[in-house]
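Heads up, entry19.cif below (mmCIF, C-alpha atoms and all ligand atoms):
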```cif
data_start
loop_
_atom_site.group_PDB
_atom_site.id
_atom_site.type_symbol
_atom_site.label_atom_id
_atom_site.label_comp_id
_atom_site.auth_asym_id
_atom_site.auth_seq_id
_atom_site.Cartn_x
_atom_site.Cartn_y
_atom_site.Cartn_z
ATOM 1 C CA MET A 1 18.132 -26.740 -98.754
ATOM 2 C CA LYS A 2 16.851 -29.524 -96.567
ATOM 3 C CA PRO A 3 18.465 -32.885 -97.313
ATOM 4 C CA LEU A 4 16.360 -35.479 -99.113
ATOM 5 C CA ILE A 5 16.229 -38.688 -97.066
ATOM 6 C CA GLY A 6 15.232 -41.869 -98.907
ATOM 7 C CA ILE A 7 13.217 -44.137 -96.610
ATOM 8 C CA THR A 8 12.770 -47.793 -97.567
ATOM 9 C CA SER A 9 9.321 -49.339 -97.126
ATOM 10 C CA ASP A 10 7.472 -52.639 -97.072
ATOM 11 C CA ILE A 11 5.205 -54.294 -99.581
ATOM 12 C CA ASP A 12 2.247 -56.536 -98.611
ATOM 13 C CA GLU A 13 0.553 -59.487 -100.337
ATOM 14 C CA ASN A 14 -1.674 -57.116 -102.331
ATOM 15 C CA GLY A 15 1.326 -55.247 -103.634
ATOM 16 C CA GLU A 16 0.602 -52.249 -101.414
ATOM 17 C CA THR A 17 3.446 -50.167 -100.050
ATOM 18 C CA PHE A 18 3.374 -49.452 -96.345
ATOM 19 C CA LEU A 19 5.545 -47.735 -93.810
ATOM 20 C CA LYS A 20 5.005 -46.623 -90.231
ATOM 21 C CA ALA A 21 4.522 -42.871 -90.168
ATOM 22 C CA ASP A 22 7.012 -42.518 -87.303
ATOM 23 C CA TYR A 23 10.007 -42.774 -89.652
ATOM 24 C CA SER A 24 8.940 -39.831 -91.818
ATOM 25 C CA ARG A 25 7.872 -37.826 -88.769
ATOM 26 C CA ALA A 26 11.253 -38.309 -87.151
ATOM 27 C CA ILE A 27 13.065 -37.224 -90.337
ATOM 28 C CA LEU A 28 10.820 -34.165 -90.684
ATOM 29 C CA ARG A 29 11.291 -33.178 -87.065
ATOM 30 C CA ALA A 30 15.034 -33.575 -87.411
ATOM 31 C CA GLY A 31 15.019 -31.143 -90.367
ATOM 32 C CA GLY A 32 15.080 -33.477 -93.374
ATOM 33 C CA LEU A 33 12.700 -34.097 -96.268
ATOM 34 C CA PRO A 34 11.480 -37.694 -96.277
ATOM 35 C CA VAL A 35 10.859 -39.516 -99.543
ATOM 36 C CA VAL A 36 9.411 -43.025 -99.345
ATOM 37 C CA LEU A 37 11.027 -45.566 -101.651
ATOM 38 C CA PRO A 38 8.715 -48.420 -102.666
ATOM 39 C CA ALA A 39 10.073 -51.974 -102.367
ATOM 40 C CA GLY A 40 11.042 -53.525 -105.674
ATOM 41 C CA LEU A 41 12.045 -50.161 -107.089
ATOM 42 C CA GLU A 42 14.345 -50.184 -110.097
ATOM 43 C CA ASP A 43 16.805 -47.463 -111.170
ATOM 44 C CA ILE A 44 18.664 -47.834 -107.906
ATOM 45 C CA ASP A 45 21.664 -45.880 -109.204
ATOM 46 C CA GLU A 46 19.547 -42.911 -110.153
ATOM 47 C CA ILE A 47 17.733 -42.899 -106.797
ATOM 48 C CA CYS A 48 21.086 -43.208 -105.084
ATOM 49 C CA ASP A 49 22.293 -40.144 -107.029
ATOM 50 C CA ARG A 50 19.335 -38.020 -105.985
ATOM 51 C CA ILE A 51 18.995 -38.697 -102.272
ATOM 52 C CA ASP A 52 21.290 -37.187 -99.646
ATOM 53 C CA GLY A 53 20.784 -39.815 -96.960
ATOM 54 C CA LEU A 54 19.407 -43.356 -96.734
ATOM 55 C CA LEU A 55 17.184 -44.646 -93.941
ATOM 56 C CA LEU A 56 16.870 -48.447 -93.912
ATOM 57 C CA THR A 57 13.756 -49.279 -91.904
ATOM 58 C CA GLY A 58 12.369 -52.223 -89.929
ATOM 59 C CA GLY A 59 10.394 -55.131 -91.325
ATOM 60 C CA GLU A 60 10.493 -58.843 -92.118
ATOM 61 C CA ASP A 61 13.419 -61.229 -91.745
ATOM 62 C CA VAL A 62 16.500 -61.038 -93.940
ATOM 63 C CA ASN A 63 16.692 -63.832 -96.527
ATOM 64 C CA PRO A 64 19.498 -66.147 -95.292
ATOM 65 C CA LEU A 65 20.471 -67.024 -98.875
ATOM 66 C CA LEU A 66 21.931 -63.516 -99.011
ATOM 67 C CA PHE A 67 24.596 -64.493 -96.495
ATOM 68 C CA GLY A 68 25.138 -68.039 -97.667
ATOM 69 C CA GLU A 69 22.780 -70.003 -95.404
ATOM 70 C CA GLU A 70 19.776 -72.177 -96.119
ATOM 71 C CA PRO A 71 16.523 -71.146 -94.355
ATOM 72 C CA LYS A 72 16.080 -72.792 -90.948
ATOM 73 C CA HIS A 73 12.708 -73.830 -89.534
ATOM 74 C CA GLU A 74 12.480 -70.795 -87.217
ATOM 75 C CA LEU A 75 13.038 -68.234 -89.942
ATOM 76 C CA GLY A 76 10.097 -65.819 -90.196
ATOM 77 C CA LYS A 77 8.555 -64.180 -93.219
ATOM 78 C CA ILE A 78 11.028 -62.802 -95.738
ATOM 79 C CA ALA A 79 10.733 -60.032 -98.312
ATOM 80 C CA PRO A 80 13.014 -60.886 -101.270
ATOM 81 C CA GLU A 81 12.047 -57.883 -103.437
ATOM 82 C CA ARG A 82 12.797 -55.595 -100.577
ATOM 83 C CA ASP A 83 16.051 -57.355 -99.733
ATOM 84 C CA GLU A 84 17.322 -56.952 -103.253
ATOM 85 C CA MET A 85 16.543 -53.260 -103.421
ATOM 86 C CA GLU A 86 17.882 -52.472 -99.962
ATOM 87 C CA MET A 87 21.102 -54.424 -100.502
ATOM 88 C CA ALA A 88 21.752 -52.479 -103.713
ATOM 89 C CA LEU A 89 20.850 -49.134 -102.138
ATOM 90 C CA ALA A 90 22.973 -49.791 -99.059
ATOM 91 C CA LYS A 91 26.003 -50.753 -101.157
ATOM 92 C CA CYS A 92 25.581 -47.726 -103.400
ATOM 93 C CA ALA A 93 25.120 -45.313 -100.480
ATOM 94 C CA VAL A 94 28.083 -46.651 -98.511
ATOM 95 C CA GLY A 95 30.182 -46.641 -101.691
ATOM 96 C CA LYS A 96 29.498 -42.924 -102.083
ATOM 97 C CA ASP A 97 30.013 -42.201 -98.406
ATOM 98 C CA MET A 98 26.399 -41.075 -98.167
ATOM 99 C CA PRO A 99 24.984 -41.030 -94.622
ATOM 100 C CA VAL A 100 23.075 -44.232 -93.812
ATOM 101 C CA LEU A 101 20.962 -44.954 -90.754
ATOM 102 C CA GLY A 102 19.837 -48.566 -90.337
ATOM 103 C CA ILE A 103 16.994 -49.471 -87.993
ATOM 104 C CA CYS A 104 16.190 -53.036 -86.823
ATOM 105 C CA ARG A 105 15.926 -55.016 -90.072
ATOM 106 C CA GLY A 106 17.837 -52.101 -91.661
ATOM 107 C CA HIS A 107 20.688 -52.665 -89.182
ATOM 108 C CA GLN A 108 20.836 -56.319 -90.271
ATOM 109 C CA ILE A 109 20.560 -55.541 -93.997
ATOM 110 C CA LEU A 110 23.383 -53.019 -93.763
ATOM 111 C CA ASN A 111 25.561 -55.641 -92.087
ATOM 112 C CA VAL A 112 24.713 -58.262 -94.739
ATOM 113 C CA ALA A 113 25.196 -55.791 -97.619
ATOM 114 C CA LEU A 114 28.758 -55.208 -96.413
ATOM 115 C CA GLY A 115 29.464 -58.953 -96.109
ATOM 116 C CA GLY A 116 28.223 -59.830 -92.615
ATOM 117 C CA THR A 117 25.829 -62.493 -91.327
ATOM 118 C CA VAL A 118 22.709 -62.658 -89.167
ATOM 119 C CA TYR A 119 21.307 -65.191 -86.674
ATOM 120 C CA GLN A 120 18.101 -66.479 -88.247
ATOM 121 C CA HIS A 121 16.484 -66.978 -84.821
ATOM 122 C CA ILE A 122 18.551 -66.071 -81.777
ATOM 123 C CA TYR A 123 16.589 -68.360 -79.428
ATOM 124 C CA SER A 124 17.629 -71.495 -81.282
ATOM 125 C CA ASP A 125 20.930 -70.327 -82.775
ATOM 126 C CA LEU A 126 22.401 -69.406 -79.395
ATOM 127 C CA GLU A 127 22.663 -71.763 -76.438
ATOM 128 C CA ARG A 128 22.853 -69.166 -73.679
ATOM 129 C CA ASP A 129 20.001 -67.494 -71.826
ATOM 130 C CA LEU A 130 18.776 -64.468 -73.701
ATOM 131 C CA LEU A 131 16.659 -61.463 -72.873
ATOM 132 C CA GLN A 132 13.189 -60.908 -74.244
ATOM 133 C CA HIS A 133 14.140 -59.194 -77.487
ATOM 134 C CA LYS A 134 10.638 -59.365 -78.926
ATOM 135 C CA GLN A 135 8.997 -57.275 -76.266
ATOM 136 C CA GLN A 136 5.377 -57.703 -75.249
ATOM 137 C CA ALA A 137 5.132 -54.048 -74.284
ATOM 138 C CA ASN A 138 3.997 -51.367 -76.740
ATOM 139 C CA ARG A 139 6.785 -50.395 -79.144
ATOM 140 C CA ASN A 140 6.967 -46.864 -77.737
ATOM 141 C CA TYR A 141 8.286 -48.202 -74.422
ATOM 142 C CA PRO A 142 11.912 -49.141 -73.844
ATOM 143 C CA THR A 143 12.344 -52.538 -72.178
ATOM 144 C CA HIS A 144 16.030 -53.497 -72.007
ATOM 145 C CA THR A 145 19.332 -51.691 -71.563
ATOM 146 C CA VAL A 146 22.252 -51.553 -73.962
ATOM 147 C CA GLN A 147 25.822 -50.691 -73.103
ATOM 148 C CA VAL A 148 27.233 -48.130 -75.499
ATOM 149 C CA THR A 149 30.927 -48.355 -76.405
ATOM 150 C CA GLU A 150 32.983 -45.448 -75.143
ATOM 151 C CA GLY A 151 34.427 -43.262 -77.889
ATOM 152 C CA SER A 152 31.780 -44.279 -80.438
ATOM 153 C CA ARG A 153 29.583 -41.798 -82.222
ATOM 154 C CA LEU A 154 26.588 -43.250 -80.433
ATOM 155 C CA ALA A 155 28.248 -42.553 -77.077
ATOM 156 C CA GLU A 156 28.333 -38.863 -78.030
ATOM 157 C CA TYR A 157 24.570 -38.851 -78.596
ATOM 158 C CA ALA A 158 23.586 -41.151 -75.774
ATOM 159 C CA SER A 159 22.233 -39.657 -72.571
ATOM 160 C CA ASP A 160 24.272 -42.206 -70.566
ATOM 161 C CA LYS A 161 26.680 -45.116 -71.151
ATOM 162 C CA ASP A 162 23.812 -47.522 -70.550
ATOM 163 C CA ILE A 163 20.652 -46.552 -72.373
ATOM 164 C CA LEU A 164 17.173 -48.052 -72.377
ATOM 165 C CA VAL A 165 15.850 -49.214 -75.729
ATOM 166 C CA ASN A 166 12.814 -50.968 -77.138
ATOM 167 C CA SER A 167 13.285 -54.375 -78.744
ATOM 168 C CA LEU A 168 11.245 -55.989 -81.525
ATOM 169 C CA HIS A 169 13.489 -58.595 -83.087
ATOM 170 C CA HIS A 170 14.187 -62.327 -83.062
ATOM 171 C CA GLN A 171 17.141 -62.087 -85.442
ATOM 172 C CA ALA A 172 20.427 -60.354 -84.646
ATOM 173 C CA VAL A 173 23.722 -59.439 -86.253
ATOM 174 C CA LYS A 174 26.263 -62.300 -86.023
ATOM 175 C CA GLU A 175 29.538 -61.701 -87.903
ATOM 176 C CA VAL A 176 30.433 -58.062 -88.459
ATOM 177 C CA PRO A 177 32.554 -57.152 -91.499
ATOM 178 C CA GLU A 178 35.087 -54.326 -91.776
ATOM 179 C CA PRO A 179 34.712 -51.366 -91.657
ATOM 180 C CA LEU A 180 31.737 -51.878 -89.336
ATOM 181 C CA LYS A 181 32.294 -52.237 -85.620
ATOM 182 C CA VAL A 182 30.063 -53.066 -82.688
ATOM 183 C CA ILE A 183 29.187 -49.978 -80.666
ATOM 184 C CA ALA A 184 26.439 -51.283 -78.372
ATOM 185 C CA THR A 185 25.449 -54.629 -76.871
ATOM 186 C CA ALA A 186 22.659 -55.899 -74.655
ATOM 187 C CA THR A 187 23.581 -57.558 -71.344
ATOM 188 C CA ASP A 188 23.209 -60.989 -73.008
ATOM 189 C CA GLY A 189 25.824 -60.066 -75.617
ATOM 190 C CA ILE A 190 23.394 -59.470 -78.489
ATOM 191 C CA ILE A 191 24.814 -56.852 -80.856
ATOM 192 C CA GLU A 192 22.557 -53.807 -80.717
ATOM 193 C CA ALA A 193 24.396 -51.140 -82.764
ATOM 194 C CA LEU A 194 27.096 -50.791 -85.410
ATOM 195 C CA GLU A 195 29.001 -47.947 -86.992
ATOM 196 C CA SER A 196 31.534 -47.651 -89.764
ATOM 197 C CA THR A 197 35.032 -46.577 -88.833
ATOM 198 C CA LYS A 198 35.701 -45.327 -92.365
ATOM 199 C CA HIS A 199 32.642 -43.302 -93.331
ATOM 200 C CA ARG A 200 31.177 -39.962 -92.383
ATOM 201 C CA PHE A 201 27.975 -41.430 -90.981
ATOM 202 C CA VAL A 202 27.081 -45.087 -91.369
ATOM 203 C CA LEU A 203 25.338 -46.181 -88.205
ATOM 204 C CA SER A 204 22.732 -48.772 -87.354
ATOM 205 C CA VAL A 205 20.708 -49.792 -84.335
ATOM 206 C CA GLN A 206 18.772 -52.954 -83.557
ATOM 207 C CA TRP A 207 16.063 -51.016 -81.715
ATOM 208 C CA HIS A 208 13.441 -48.552 -82.960
ATOM 209 C CA PRO A 209 14.473 -44.954 -82.173
ATOM 210 C CA GLU A 210 11.618 -43.614 -84.343
ATOM 211 C CA ALA A 211 9.150 -45.089 -81.835
ATOM 212 C CA LEU A 212 11.070 -43.865 -78.752
ATOM 213 C CA PHE A 213 11.208 -40.456 -80.426
ATOM 214 C CA ASN A 214 7.425 -40.223 -79.803
ATOM 215 C CA ARG A 215 8.114 -40.204 -76.090
ATOM 216 C CA GLY A 216 10.700 -37.443 -76.383
ATOM 217 C CA ASP A 217 13.682 -39.778 -75.913
ATOM 218 C CA GLU A 218 16.771 -37.546 -76.052
ATOM 219 C CA THR A 219 19.150 -40.112 -77.546
ATOM 220 C CA SER A 220 16.723 -40.935 -80.371
ATOM 221 C CA LEU A 221 16.152 -37.285 -81.141
ATOM 222 C CA ARG A 222 19.876 -36.648 -81.323
ATOM 223 C CA LEU A 223 20.434 -39.714 -83.506
ATOM 224 C CA PHE A 224 17.987 -38.454 -86.142
ATOM 225 C CA GLU A 225 19.308 -34.905 -85.925
ATOM 226 C CA GLU A 226 22.900 -36.010 -86.445
ATOM 227 C CA PHE A 227 21.886 -38.251 -89.349
ATOM 228 C CA VAL A 228 19.988 -35.445 -91.088
ATOM 229 C CA GLN A 229 22.779 -32.978 -90.403
ATOM 230 C CA ALA A 230 25.384 -35.329 -91.888
ATOM 231 C CA SER A 231 23.086 -35.759 -94.928
ATOM 232 C CA SER A 232 22.870 -32.018 -95.480
ATOM 233 C CA LYS A 233 26.617 -31.912 -96.076
ATOM 234 C CA SER A 234 26.447 -34.408 -98.966
HETATM 235 MN MN MN B 301 17.126 -56.121 -78.361
#
```

What is this structure when it is put down as structure tokens?
Amino acid sequence: MKPLIGITSDIDENGETFLKADYSRAILRAGGLPVVLPAGLEDIDEICDRIDGLLLTGGEDVNPLLFGEEPKHELGKIAPERDEMEMALAKCAVGKDMPVLGICRGHQILNVALGGTVYQHIYSDLERDLLQHKQQANRNYPTHTVQVTEGSRLAEYASDKDILVNSLHHQAVKEVPEPLKVIATATDGIIEALESTKHRFVLSVQWHPEALFNRGDETSLRLFEEFVQASSKS
């Protein structure tokens, strides 16, 4: 049986659920069955019991109150209903050793759910020169490189030790809690991927592999395949 992958989604001002089709397409192509989870969903424990893998997707900024900070001026739009649901789902999934793949905002939420923190706006929180992490190019195009840590799971999937990724963020992971560890960084030191050292498959990336997937990017394809495969062993 194909593994059921729960995919988190966004909610707009009219209360409508939305999600870029690329996430579900990538899961389908990698051999999984996608099921879209609406933001604000209750019965988290029951959902967590039924799915085999959790995909935390991209979206608005993470509410800083969740990691003990007041909102700064540069903070963007937040999605509190979504935060609450994703934090609970992430904790439940990791607690069960269910495979979790975090993408962009999902990478940050995973980090916060396990006790980490996030820069609210890297361009004012950090003094040093930074790359353009909110790219002007179409999301399907990679724009900056990341260095992948040798010996990490991501290094196994990556086509090279430096890979090209797309970049659509102004926040970034700051403090990383155990058992997560940094497995990829941009040349400016921004943390671009994390994995758990204690779980079967808990991995997150700051970029959007579901969009690179459209261009046949090998590393992205492999990432989704490995995630779905790990989920089928649940
Ligand atoms: Mn980036």

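Closest approach to ligand MN 301 (chain B) among A:Pro34, A:Pro99, A:Gly40, A:Pro142 is made by A:Pro142 (distances from all atoms listed in the file).
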
Could you list, as a PyMOL selection string, all residues that come within 10 Å of ligand MN 301 (chain B)? Count only C-alpha atoms and all ligand atoms.
chain A and resi 104+130-135+142-146+165-172+185-193+205-208

Just want the 12 Å neighbourhood of Ile47 in chain A, counted on only C-alpha atoms, with same-chain residues fewer than 6 positions away dropped. Output as a ChimeraX atom specification.
/A:4-8,35-38,41,53-54,85-86,88-90,92-93

Residues of range 120-222 of chain A at most 8 Å from range 61-83 of chain A: nearest atom pair and distance in Å, all atoms listed in the file, as JSON lines:
```
{"residue": "A:Gln120", "atom": "CA", "partner": "A:Leu75", "partner_atom": "CA", "distance": 5.6}
{"residue": "A:His121", "atom": "CA", "partner": "A:Glu74", "partner_atom": "CA", "distance": 6.0}
{"residue": "A:Ser124", "atom": "CA", "partner": "A:Glu74", "partner_atom": "CA", "distance": 7.9}
{"residue": "A:Gln171", "atom": "CA", "partner": "A:Asp61", "partner_atom": "CA", "distance": 7.4}
```

When you draw a straight line from CA of Glu195 in chain A to CA of Gly115 in chain A, how long is it in Å?
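Between CA of Glu195 in chain A and CA of Gly115 in chain A the gap is 14.3 Å.
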